[in-house]
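S.K.: So I've got this file, my_file_15.pdb, and it contains PDB, C-alpha atoms:
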ATOM      1  CA  ILE A   1      34.203 -76.087 -30.132
ATOM      2  CA  GLU A   2      31.960 -74.072 -32.444
ATOM      3  CA  THR A   3      31.477 -71.574 -29.610
ATOM      4  CA  TRP A   4      34.340 -72.079 -27.177
ATOM      5  CA  THR A   5      38.080 -72.710 -27.279
ATOM      6  CA  VAL A   6      38.739 -75.882 -25.310
ATOM      7  CA  SER A   7      41.827 -77.309 -23.626
ATOM      8  CA  ALA A   8      42.289 -79.993 -20.957
ATOM      9  CA  ALA A   9      44.519 -80.363 -17.908
ATOM     10  CA  PRO A  10      45.127 -83.203 -15.438
ATOM     11  CA  ASN A  11      44.685 -80.854 -12.477
ATOM     12  CA  LEU A  12      44.384 -77.193 -11.498
ATOM     13  CA  SER A  13      48.069 -76.861 -10.577
ATOM     14  CA  VAL A  14      49.027 -77.434 -14.226
ATOM     15  CA  VAL A  15      46.779 -74.582 -15.315
ATOM     16  CA  THR A  16      48.219 -72.304 -12.628
ATOM     17  CA  ALA A  17      51.808 -73.143 -13.564
ATOM     18  CA  ALA A  18      51.177 -72.520 -17.261
ATOM     19  CA  ALA A  19      49.540 -69.164 -16.537
ATOM     20  CA  ALA A  20      52.499 -68.128 -14.392
ATOM     21  CA  ARG A  21      54.994 -68.589 -17.177
ATOM     22  CA  ALA A  22      55.880 -65.344 -18.938
ATOM     23  CA  PRO A  23      54.959 -65.193 -22.627
ATOM     24  CA  SER A  24      57.899 -65.690 -24.964
ATOM     25  CA  GLU A  25      58.684 -65.868 -28.636
ATOM     26  CA  ARG A  26      58.220 -69.589 -28.513
ATOM     27  CA  ARG A  27      58.136 -70.110 -32.270
ATOM     28  CA  GLY A  28      61.750 -69.107 -32.811
ATOM     29  CA  SER A  29      63.082 -72.676 -32.914
ATOM     30  CA  ALA A  30      61.618 -76.075 -33.578
ATOM     31  CA  LEU A  31      62.630 -79.717 -33.395
ATOM     32  CA  VAL A  32      60.959 -82.350 -35.571
ATOM     33  CA  VAL A  33      61.712 -85.986 -34.721
ATOM     34  CA  ALA A  34      60.181 -88.747 -36.845
ATOM     35  CA  ALA A  35      60.871 -92.471 -36.742
ATOM     36  CA  THR A  36      60.546 -92.604 -40.527
ATOM     37  CA  ALA A  37      61.638 -89.993 -43.045
ATOM     38  CA  ASP A  38      58.236 -89.142 -44.501
ATOM     39  CA  ALA A  39      56.872 -86.152 -46.375
ATOM     40  CA  SER A  40      54.744 -85.008 -43.442
ATOM     41  CA  ALA A  41      57.733 -84.521 -41.132
ATOM     42  CA  ASN A  42      59.598 -82.530 -43.753
ATOM     43  CA  GLN A  43      56.516 -80.443 -44.494
ATOM     44  CA  ILE A  44      56.097 -79.567 -40.814
ATOM     45  CA  ALA A  45      59.792 -78.725 -40.430
ATOM     46  CA  SER A  46      59.641 -76.430 -43.461
ATOM     47  CA  GLN A  47      57.132 -74.207 -41.647
ATOM     48  CA  TYR A  48      59.688 -73.220 -38.996
ATOM     49  CA  ALA A  49      62.756 -71.170 -39.863
ATOM     50  CA  GLY A  50      65.910 -72.961 -38.787
ATOM     51  CA  ALA A  51      64.093 -76.094 -37.612
ATOM     52  CA  GLN A  52      66.262 -78.991 -36.485
ATOM     53  CA  VAL A  53      65.223 -82.328 -37.941
ATOM     54  CA  ALA A  54      65.995 -85.877 -36.809
ATOM     55  CA  LEU A  55      64.491 -88.399 -39.187
ATOM     56  CA  GLY A  56      64.820 -92.154 -39.569
ATOM     57  CA  ALA A  57      68.092 -93.459 -38.125
ATOM     58  CA  ASP A  58      68.802 -90.033 -36.617
ATOM     59  CA  ALA A  59      65.594 -90.124 -34.561
ATOM     60  CA  THR A  60      67.262 -91.489 -31.435
ATOM     61  CA  ARG A  61      66.717 -91.004 -27.724
ATOM     62  CA  SER A  62      70.010 -89.139 -27.335
ATOM     63  CA  ARG A  63      69.151 -86.669 -30.107
ATOM     64  CA  PHE A  64      65.778 -85.957 -28.558
ATOM     65  CA  MET A  65      67.162 -85.513 -25.040
ATOM     66  CA  ALA A  66      69.955 -83.251 -26.269
ATOM     67  CA  LEU A  67      67.938 -81.005 -28.583
ATOM     68  CA  ALA A  68      64.527 -80.739 -26.909
ATOM     69  CA  PRO A  69      65.532 -78.392 -24.036
ATOM     70  CA  ALA A  70      66.674 -75.723 -26.513
ATOM     71  CA  SER A  71      63.611 -76.045 -28.773
ATOM     72  CA  SER A  72      60.494 -73.953 -28.289
ATOM     73  CA  VAL A  73      58.360 -76.316 -30.401
ATOM     74  CA  VAL A  74      58.920 -80.091 -30.392
ATOM     75  CA  HIS A  75      57.085 -82.395 -32.816
ATOM     76  CA  LEU A  76      57.427 -86.133 -32.108
ATOM     77  CA  ALA A  77      56.243 -88.657 -34.699
ATOM     78  CA  VAL A  78      57.383 -91.848 -32.995
ATOM     79  CA  PRO A  79      55.609 -94.921 -31.580
ATOM     80  CA  SER A  80      54.207 -94.470 -28.091
ATOM     81  CA  TYR A  81      52.731 -96.840 -25.563
ATOM     82  CA  SER A  82      50.481 -95.963 -22.655
ATOM     83  CA  ASN A  83      50.598 -97.840 -19.357
ATOM     84  CA  ALA A  84      47.285 -97.360 -17.584
ATOM     85  CA  ALA A  85      48.368 -99.208 -14.434
ATOM     86  CA  TYR A  86      51.703 -97.385 -14.110
ATOM     87  CA  PRO A  87      51.448 -94.073 -16.016
ATOM     88  CA  LEU A  88      55.095 -93.133 -15.408
ATOM     89  CA  LEU A  89      56.085 -96.260 -17.361
ATOM     90  CA  SER A  90      54.281 -95.037 -20.466
ATOM     91  CA  ARG A  91      56.913 -94.517 -23.125
ATOM     92  CA  LEU A  92      57.997 -93.030 -26.398
ATOM     93  CA  VAL A  93      60.109 -95.319 -28.571
ATOM     94  CA  PHE A  94      62.785 -93.670 -30.685
ATOM     95  CA  ASN A  95      65.082 -95.567 -33.021
ATOM     96  CA  ASP A  96      67.972 -97.460 -31.456
ATOM     97  CA  GLU A  97      71.452 -96.005 -31.266
ATOM     98  CA  PRO A  98      73.873 -97.752 -33.648
ATOM     99  CA  GLY A  99      74.967-101.033 -32.079
ATOM    100  CA  ARG A 100      72.708-100.603 -29.033
ATOM    101  CA  ARG A 101      69.539-102.666 -29.168
ATOM    102  CA  HIS A 102      66.508-101.474 -27.203
ATOM    103  CA  SER A 103      68.110 -98.098 -26.509
ATOM    104  CA  GLY A 104      65.276 -95.978 -27.895
ATOM    105  CA  ALA A 105      62.735 -96.007 -25.054
ATOM    106  CA  VAL A 106      62.032 -92.818 -23.099
ATOM    107  CA  LEU A 107      59.733 -93.350 -20.124
ATOM    108  CA  ALA A 108      57.225 -90.787 -18.932
ATOM    109  CA  ARG A 109      59.195 -90.541 -15.685
ATOM    110  CA  ASP A 110      62.314 -89.611 -17.695
ATOM    111  CA  ILE A 111      60.384 -86.831 -19.410
ATOM    112  CA  ALA A 112      58.845 -85.547 -16.174
ATOM    113  CA  GLY A 113      62.321 -85.325 -14.654
ATOM    114  CA  GLN A 114      63.744 -83.384 -17.599
ATOM    115  CA  ALA A 115      63.710 -79.590 -17.307
ATOM    116  CA  LEU A 116      62.208 -78.041 -20.437
ATOM    117  CA  PRO A 117      61.939 -74.365 -19.476
ATOM    118  CA  GLY A 118      62.226 -73.069 -23.028
ATOM    119  CA  THR A 119      59.769 -75.464 -24.665
ATOM    120  CA  ARG A 120      56.331 -73.937 -25.152
ATOM    121  CA  LEU A 121      54.673 -76.674 -27.214
ATOM    122  CA  VAL A 122      55.058 -80.424 -27.704
ATOM    123  CA  VAL A 123      53.104 -82.248 -30.413
ATOM    124  CA  LEU A 124      52.651 -85.990 -29.855
ATOM    125  CA  ASP A 125      51.967 -87.331 -33.346
ATOM    126  CA  GLU A 126      51.469 -90.981 -32.453
ATOM    127  CA  VAL A 127      52.709 -93.537 -34.968
ATOM    128  CA  ARG A 128      50.986 -96.870 -35.467
ATOM    129  CA  THR A 129      53.361 -99.842 -35.401
ATOM    130  CA  GLN A 130      50.833-102.168 -37.053
ATOM    131  CA  PRO A 131      48.038-101.419 -39.575
ATOM    132  CA  GLU A 132      45.341-102.572 -37.155
ATOM    133  CA  TYR A 133      46.835-100.715 -34.187
ATOM    134  CA  ARG A 134      44.997 -97.665 -32.895
ATOM    135  CA  THR A 135      46.565 -95.370 -30.368
ATOM    136  CA  ALA A 136      45.957 -95.606 -26.634
ATOM    137  CA  GLY A 137      45.881 -91.841 -26.281
ATOM    138  CA  ALA A 138      48.546 -89.359 -25.265
ATOM    139  CA  PHE A 139      47.288 -88.328 -21.827
ATOM    140  CA  ASN A 140      49.996 -90.011 -19.711
ATOM    141  CA  LEU A 141      52.845 -88.716 -21.863
ATOM    142  CA  ALA A 142      51.255 -85.283 -22.127
ATOM    143  CA  ARG A 143      51.081 -85.143 -18.343
ATOM    144  CA  ALA A 144      54.810 -85.950 -18.178
ATOM    145  CA  PHE A 145      55.661 -83.046 -20.503
ATOM    146  CA  LEU A 146      53.450 -80.724 -18.465
ATOM    147  CA  ALA A 147      55.355 -81.816 -15.355
ATOM    148  CA  ALA A 148      58.610 -80.968 -17.161
ATOM    149  CA  GLY A 149      57.398 -77.388 -17.553
ATOM    150  CA  VAL A 150      55.878 -77.422 -21.039
ATOM    151  CA  PRO A 151      52.696 -75.317 -20.917
ATOM    152  CA  GLY A 152      50.963 -76.803 -23.978
ATOM    153  CA  VAL A 153      50.852 -80.338 -25.428
ATOM    154  CA  LEU A 154      48.881 -81.461 -28.476
ATOM    155  CA  GLY A 155      47.932 -85.113 -28.220
ATOM    156  CA  THR A 156      45.314 -87.649 -29.210
ATOM    157  CA  LEU A 157      42.455 -89.386 -27.487
ATOM    158  CA  PRO A 158      42.305 -93.204 -27.279
ATOM    159  CA  GLY A 159      41.407 -94.855 -30.565
ATOM    160  CA  ALA A 160      42.802 -92.120 -32.799
ATOM    161  CA  ASP A 161      43.956 -93.096 -36.277
ATOM    162  CA  GLY A 162      47.219 -91.289 -36.927
ATOM    163  CA  SER A 163      46.855 -91.530 -40.685
ATOM    164  CA  GLN A 164      43.656 -89.477 -40.463
ATOM    165  CA  THR A 165      44.828 -86.895 -37.941
ATOM    166  CA  ARG A 166      48.137 -86.069 -39.639
ATOM    167  CA  GLU A 167      46.705 -83.556 -42.100
ATOM    168  CA  LEU A 168      44.984 -81.772 -39.231
ATOM    169  CA  ILE A 169      48.258 -81.654 -37.298
ATOM    170  CA  GLU A 170      49.972 -80.071 -40.294
ATOM    171  CA  GLY A 171      47.239 -77.430 -40.348
ATOM    172  CA  PHE A 172      47.702 -76.916 -36.625
ATOM    173  CA  HIS A 173      51.383 -76.129 -37.159
ATOM    174  CA  ARG A 174      50.477 -73.563 -39.810
ATOM    175  CA  GLN A 175      48.337 -71.779 -37.236
ATOM    176  CA  VAL A 176      51.097 -71.948 -34.623
ATOM    177  CA  THR A 177      53.662 -70.375 -36.953
ATOM    178  CA  ALA A 178      51.178 -67.527 -37.457
ATOM    179  CA  GLN A 179      51.535 -66.769 -33.710
ATOM    180  CA  VAL A 180      48.108 -68.159 -32.782
ATOM    181  CA  PRO A 181      47.904 -69.540 -29.189
ATOM    182  CA  VAL A 182      47.948 -73.320 -29.301
ATOM    183  CA  ASP A 183      44.438 -73.906 -27.952
ATOM    184  CA  GLU A 184      43.002 -71.409 -30.422
ATOM    185  CA  ALA A 185      45.106 -72.956 -33.215
ATOM    186  CA  LEU A 186      43.514 -76.363 -32.657
ATOM    187  CA  THR A 187      40.042 -74.845 -32.415
ATOM    188  CA  ARG A 188      40.485 -73.150 -35.802
ATOM    189  CA  VAL A 189      41.597 -76.410 -37.405
ATOM    190  CA  GLN A 190      38.673 -78.312 -35.885
ATOM    191  CA  ARG A 191      36.124 -75.697 -36.938
ATOM    192  CA  ASN A 192      37.502 -75.772 -40.477
ATOM    193  CA  ALA A 193      37.215 -79.571 -40.532
ATOM    194  CA  LEU A 194      33.601 -79.319 -39.333
ATOM    195  CA  GLN A 195      32.740 -76.924 -42.137
ATOM    196  CA  GLN A 196      34.370 -79.141 -44.743
ATOM    197  CA  ASN A 197      32.755 -82.431 -43.661
ATOM    198  CA  GLY A 198      29.224 -81.134 -43.241
ATOM    199  CA  ARG A 199      29.360 -80.856 -39.430
ATOM    200  CA  ARG A 200      29.927 -84.594 -38.957
ATOM    201  CA  LEU A 201      32.150 -86.358 -36.467
ATOM    202  CA  GLY A 202      35.585 -87.241 -37.781
ATOM    203  CA  ALA A 203      39.314 -87.243 -37.124
ATOM    204  CA  TRP A 204      39.067 -83.725 -35.691
ATOM    205  CA  THR A 205      37.449 -85.148 -32.540
ATOM    206  CA  ALA A 206      40.595 -87.170 -31.697
ATOM    207  CA  LEU A 207      42.887 -84.181 -31.097
ATOM    208  CA  VAL A 208      43.133 -82.374 -27.775
ATOM    209  CA  ILE A 209      45.264 -79.657 -26.214
ATOM    210  CA  TYR A 210      46.533 -80.340 -22.719
ATOM    211  CA  GLY A 211      47.382 -77.143 -20.862
ATOM    212  CA  SER A 212      47.648 -73.764 -22.607
ATOM    213  CA  ASP A 213      50.385 -71.364 -23.693
ATOM    214  CA  ARG A 214      48.364 -68.205 -23.193
TER     215      ARG A 214
END
What would you get if you wrote out this structure as structure tokens?
M.R.:
Amino acid sequence: IETWTVSAAPNLSVVTAAAARAPSERRGSALVVAATADASANQIASQYAGAQVALGADATRSRFMALAPASSVVHLAVPSYSNAAYPLLSRLVFNDEPGRRHSGAVLARDIAGQALPGTRLVVLDEVRTQPEYRTAGAFNLARAFLAAGVPGVLGTLPGADGSQTRELIEGFHRQVTAQVPVDEALTRVQRNALQQNGRRLGAWTALVIYGSDR
């Protein structure tokens, strides 16, 4: 990353589809959904004019499904679970609707079947449900968003520690609001982290861009 800007894709068709999409002013609206009302979610939302925010009890499946199609940037700080054997059963878990237990799950197949023509970027900010839990990686869910028409997804690699990547994700959003393409935005954040930590490995290695919005 010190020399090249790097992004990943599950197959060549994803790259072709992303390249075919006409550039747009994708930073005009944003949706921030967080399972808990923390300072990081509010800080990210404050970077986007007119951002819609669903925090805590408001971070439900129905809110996400209703607001995401009209949002050019979607940031999701909710628990996620990868299913290696059946990738389409990987899921995001939002908070339950009032009076409806177990109503918060959104499967990868639900996402892949949702048209998101106006969404240019999704950020999967995985949340640990237990202190010892480390993420399984965002690849399966990222692939679902790419299938839904989103050209760029920021996710994590297996084993990422969300508490250590969150500051980098906040820096990534600052680059995005400055109209920097998403793959270049991540590269800038990673290069800055390398300079600050003496060129050592660290949390910066756990973030990856799937697809591209160029």
S.K.: Excluding Ala8 of chain A and any residue of its chain fewer than 4 positions from it, enumerate the residues within 12 Å of it, using only C-alpha atoms, and give them as a list in words.
M.R.: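 Using only C-alpha atoms, the neighbours found are Leu12, Val14, Val15, Phe139, Ala142, Arg143, Leu146, Pro151, Gly152, Val153, Leu154, Gly155, Thr156, Leu157, Asp183, Leu207, Val208, Ile209, Tyr210, Gly211 and Ser212 of chain A.
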S.K.: Restrict the selected residues to C-alpha atoms and save them as a compact mmCIF listing (two decimals), in the frame of the given file.
M.R.:
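Generated output (out_7.txt):
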# COMPACT_ATOMS: atom_id res chain seq x y z
CA LEU A 12 44.38 -77.19 -11.50
CA VAL A 14 49.03 -77.43 -14.23
CA VAL A 15 46.78 -74.58 -15.32
CA PHE A 139 47.29 -88.33 -21.83
CA ALA A 142 51.26 -85.28 -22.13
CA ARG A 143 51.08 -85.14 -18.34
CA LEU A 146 53.45 -80.72 -18.46
CA PRO A 151 52.70 -75.32 -20.92
CA GLY A 152 50.96 -76.80 -23.98
CA VAL A 153 50.85 -80.34 -25.43
CA LEU A 154 48.88 -81.46 -28.48
CA GLY A 155 47.93 -85.11 -28.22
CA THR A 156 45.31 -87.65 -29.21
CA LEU A 157 42.46 -89.39 -27.49
CA ASP A 183 44.44 -73.91 -27.95
CA LEU A 207 42.89 -84.18 -31.10
CA VAL A 208 43.13 -82.37 -27.78
CA ILE A 209 45.26 -79.66 -26.21
CA TYR A 210 46.53 -80.34 -22.72
CA GLY A 211 47.38 -77.14 -20.86
CA SER A 212 47.65 -73.76 -22.61
S.K.: Using all atoms listed in the file, which of A:Leu88, A:Leu116, A:Leu31, A:Ala66 sits nearest Val53 of chain A?
M.R.: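 Of all the options, A:Leu31 lies closest to Val53 of chain A.
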S.K.: So the first atom is atom CA of Leu124 of chain A and the second is atom CA of Leu194 of chain A; what is the distance between them in Å, to one decimal place?
M.R.: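 Atom-to-atom, atom CA of Leu124 of chain A to atom CA of Leu194 of chain A, that is 22.3 Å.
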S.K.: So which one's closest to Asn42 of chain A, A:Ala54, A:Glu184, A:Ala138, A:Leu201? Using all atoms listed in the file, please.
M.R.: A:Ala54
S.K.: Kindly indicate which residue among A:Val122, A:Leu141, A:Ala59, A:Val93 lies nearest to Arg109 of chain A, using only C-alpha atoms for the distances.
M.R.: A:Leu141
S.K.: From the list A:Glu97, A:Glu126, A:Asp58, A:Asp38, which residue is nearest Ser82 of chain A when using all atoms listed in the file?
M.R.: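 Closest to Ser82 of chain A of all the choices is A:Glu126.
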S.K.: Centre and edge lengths, as AutoDock Vina command-line options, for the axis-aligned box enclosing every listed atom of segment 196-214 of chain A with 4 Å of padding on each of the six sides, in Å to one decimal?
M.R.:
--center_x 39.8 --center_y -77.7 --center_z -32.8 --size_x 29.2 --size_y 27.0 --size_z 31.9
S.K.: Check the smallest atom-to-atom distance from each of A:Ala37, A:Ala112, A:Val123, A:Leu107 to Arg166 of chain A using only C-alpha atoms, then report the winner.
M.R.: A:Val123
S.K.: Which is closer to Arg100 of chain A than all the others in A:Leu67, A:Thr60, A:Asp125, A:Val78, using all atoms listed in the file?
M.R.: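 Under the stated criterion, the closest residue is A:Thr60.
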S.K.: Set the distance at 6 Å and use only C-alpha atoms: which residues neighbour Pro117 of chain A once local chain neighbours fewer than 2 positions away are removed? I'd like the list as a list in words.
M.R.: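 Counting only the stated atoms, we get Ala115, Thr119 and Gly149 of chain A.
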S.K.: What is the distance between atom CA of Ser29 of chain A and atom CA of Tyr81 of chain A, in Å to one decimal?
M.R.: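 Computing the Euclidean distance for atom CA of Ser29 of chain A and atom CA of Tyr81 of chain A yields 27.3 Å.
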S.K.: Mind giving me the straight-line distance from atom CA of Arg61 of chain A to atom CA of Leu121 of chain A in Å, one decimal?
M.R.: 18.7 Å
S.K.: Go through the shown structure with the PyMOL selection byres ((chain A and resi 32) around 8) and write out the matching residues as a list in words.
M.R.: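 This file gives the following for the PyMOL selection byres ((chain A and resi 32) around 8): Ala30, Leu31, Val33, Ala34, Ala41, Ile44, Ala45, Ala51, Gln52, Val53, Ala54, Leu55, Val74, His75, Leu76 and Ala77 of chain A.
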S.K.: Please produce a file of those selected residues containing C-alpha atoms, as a PDB file, in the frame of the given file.
M.R.:
ATOM      1  CA  ALA A  30      61.618 -76.075 -33.578  1.00  0.00           C
ATOM      2  CA  LEU A  31      62.630 -79.717 -33.395  1.00  0.00           C
ATOM      3  CA  VAL A  33      61.712 -85.986 -34.721  1.00  0.00           C
ATOM      4  CA  ALA A  34      60.181 -88.747 -36.845  1.00  0.00           C
ATOM      5  CA  ALA A  41      57.733 -84.521 -41.132  1.00  0.00           C
ATOM      6  CA  ILE A  44      56.097 -79.567 -40.814  1.00  0.00           C
ATOM      7  CA  ALA A  45      59.792 -78.725 -40.430  1.00  0.00           C
ATOM      8  CA  ALA A  51      64.093 -76.094 -37.612  1.00  0.00           C
ATOM      9  CA  GLN A  52      66.262 -78.991 -36.485  1.00  0.00           C
ATOM     10  CA  VAL A  53      65.223 -82.328 -37.941  1.00  0.00           C
ATOM     11  CA  ALA A  54      65.995 -85.877 -36.809  1.00  0.00           C
ATOM     12  CA  LEU A  55      64.491 -88.399 -39.187  1.00  0.00           C
ATOM     13  CA  VAL A  74      58.920 -80.091 -30.392  1.00  0.00           C
ATOM     14  CA  HIS A  75      57.085 -82.395 -32.816  1.00  0.00           C
ATOM     15  CA  LEU A  76      57.427 -86.133 -32.108  1.00  0.00           C
ATOM     16  CA  ALA A  77      56.243 -88.657 -34.699  1.00  0.00           C
TER      17      ALA A  77
END
S.K.: Can you give me N, CA, C and O atoms for segment 35-48 of chain A, written as a PDB file, in the coordinates of the input?
M.R.:
ATOM      1  N   ALA A  35      60.256 -91.148 -36.639  1.00  0.00           N
ATOM      2  CA  ALA A  35      60.871 -92.471 -36.742  1.00  0.00           C
ATOM      3  C   ALA A  35      61.131 -92.869 -38.185  1.00  0.00           C
ATOM      4  O   ALA A  35      62.055 -93.634 -38.465  1.00  0.00           O
ATOM      5  N   THR A  36      60.329 -92.354 -39.102  1.00  0.00           N
ATOM      6  CA  THR A  36      60.546 -92.604 -40.527  1.00  0.00           C
ATOM      7  C   THR A  36      60.638 -91.267 -41.253  1.00  0.00           C
ATOM      8  O   THR A  36      59.996 -90.296 -40.859  1.00  0.00           O
ATOM      9  N   ALA A  37      61.446 -91.237 -42.287  1.00  0.00           N
ATOM     10  CA  ALA A  37      61.638 -89.993 -43.045  1.00  0.00           C
ATOM     11  C   ALA A  37      60.502 -89.854 -44.048  1.00  0.00           C
ATOM     12  O   ALA A  37      60.612 -90.251 -45.203  1.00  0.00           O
ATOM     13  N   ASP A  38      59.386 -89.270 -43.604  1.00  0.00           N
ATOM     14  CA  ASP A  38      58.236 -89.142 -44.501  1.00  0.00           C
ATOM     15  C   ASP A  38      58.006 -87.686 -44.879  1.00  0.00           C
ATOM     16  O   ASP A  38      58.593 -86.758 -44.325  1.00  0.00           O
ATOM     17  N   ALA A  39      57.129 -87.490 -45.850  1.00  0.00           N
ATOM     18  CA  ALA A  39      56.872 -86.152 -46.375  1.00  0.00           C
ATOM     19  C   ALA A  39      56.240 -85.254 -45.325  1.00  0.00           C
ATOM     20  O   ALA A  39      56.488 -84.049 -45.301  1.00  0.00           O
ATOM     21  N   SER A  40      55.430 -85.820 -44.444  1.00  0.00           N
ATOM     22  CA  SER A  40      54.744 -85.008 -43.442  1.00  0.00           C
ATOM     23  C   SER A  40      55.739 -84.341 -42.500  1.00  0.00           C
ATOM     24  O   SER A  40      55.621 -83.156 -42.198  1.00  0.00           O
ATOM     25  N   ALA A  41      56.740 -85.082 -42.040  1.00  0.00           N
ATOM     26  CA  ALA A  41      57.733 -84.521 -41.132  1.00  0.00           C
ATOM     27  C   ALA A  41      58.495 -83.387 -41.792  1.00  0.00           C
ATOM     28  O   ALA A  41      58.733 -82.330 -41.186  1.00  0.00           O
ATOM     29  N   ASN A  42      58.880 -83.585 -43.040  1.00  0.00           N
ATOM     30  CA  ASN A  42      59.598 -82.530 -43.753  1.00  0.00           C
ATOM     31  C   ASN A  42      58.714 -81.317 -43.994  1.00  0.00           C
ATOM     32  O   ASN A  42      59.182 -80.172 -43.917  1.00  0.00           O
ATOM     33  N   GLN A  43      57.429 -81.545 -44.262  1.00  0.00           N
ATOM     34  CA  GLN A  43      56.516 -80.443 -44.494  1.00  0.00           C
ATOM     35  C   GLN A  43      56.348 -79.608 -43.222  1.00  0.00           C
ATOM     36  O   GLN A  43      56.338 -78.378 -43.271  1.00  0.00           O
ATOM     37  N   ILE A  44      56.231 -80.274 -42.087  1.00  0.00           N
ATOM     38  CA  ILE A  44      56.097 -79.567 -40.814  1.00  0.00           C
ATOM     39  C   ILE A  44      57.367 -78.782 -40.511  1.00  0.00           C
ATOM     40  O   ILE A  44      57.317 -77.619 -40.119  1.00  0.00           O
ATOM     41  N   ALA A  45      58.521 -79.403 -40.703  1.00  0.00           N
ATOM     42  CA  ALA A  45      59.792 -78.725 -40.430  1.00  0.00           C
ATOM     43  C   ALA A  45      59.963 -77.491 -41.300  1.00  0.00           C
ATOM     44  O   ALA A  45      60.513 -76.474 -40.857  1.00  0.00           O
ATOM     45  N   SER A  46      59.467 -77.553 -42.532  1.00  0.00           N
ATOM     46  CA  SER A  46      59.641 -76.430 -43.461  1.00  0.00           C
ATOM     47  C   SER A  46      58.880 -75.181 -43.020  1.00  0.00           C
ATOM     48  O   SER A  46      59.160 -74.086 -43.498  1.00  0.00           O
ATOM     49  N   GLN A  47      57.920 -75.347 -42.111  1.00  0.00           N
ATOM     50  CA  GLN A  47      57.132 -74.207 -41.647  1.00  0.00           C
ATOM     51  C   GLN A  47      57.865 -73.367 -40.598  1.00  0.00           C
ATOM     52  O   GLN A  47      57.446 -72.255 -40.297  1.00  0.00           O
ATOM     53  N   TYR A  48      58.944 -73.907 -40.045  1.00  0.00           N
ATOM     54  CA  TYR A  48      59.688 -73.220 -38.996  1.00  0.00           C
ATOM     55  C   TYR A  48      61.084 -72.871 -39.499  1.00  0.00           C
ATOM     56  O   TYR A  48      61.838 -73.753 -39.924  1.00  0.00           O
TER      57      TYR A  48
END
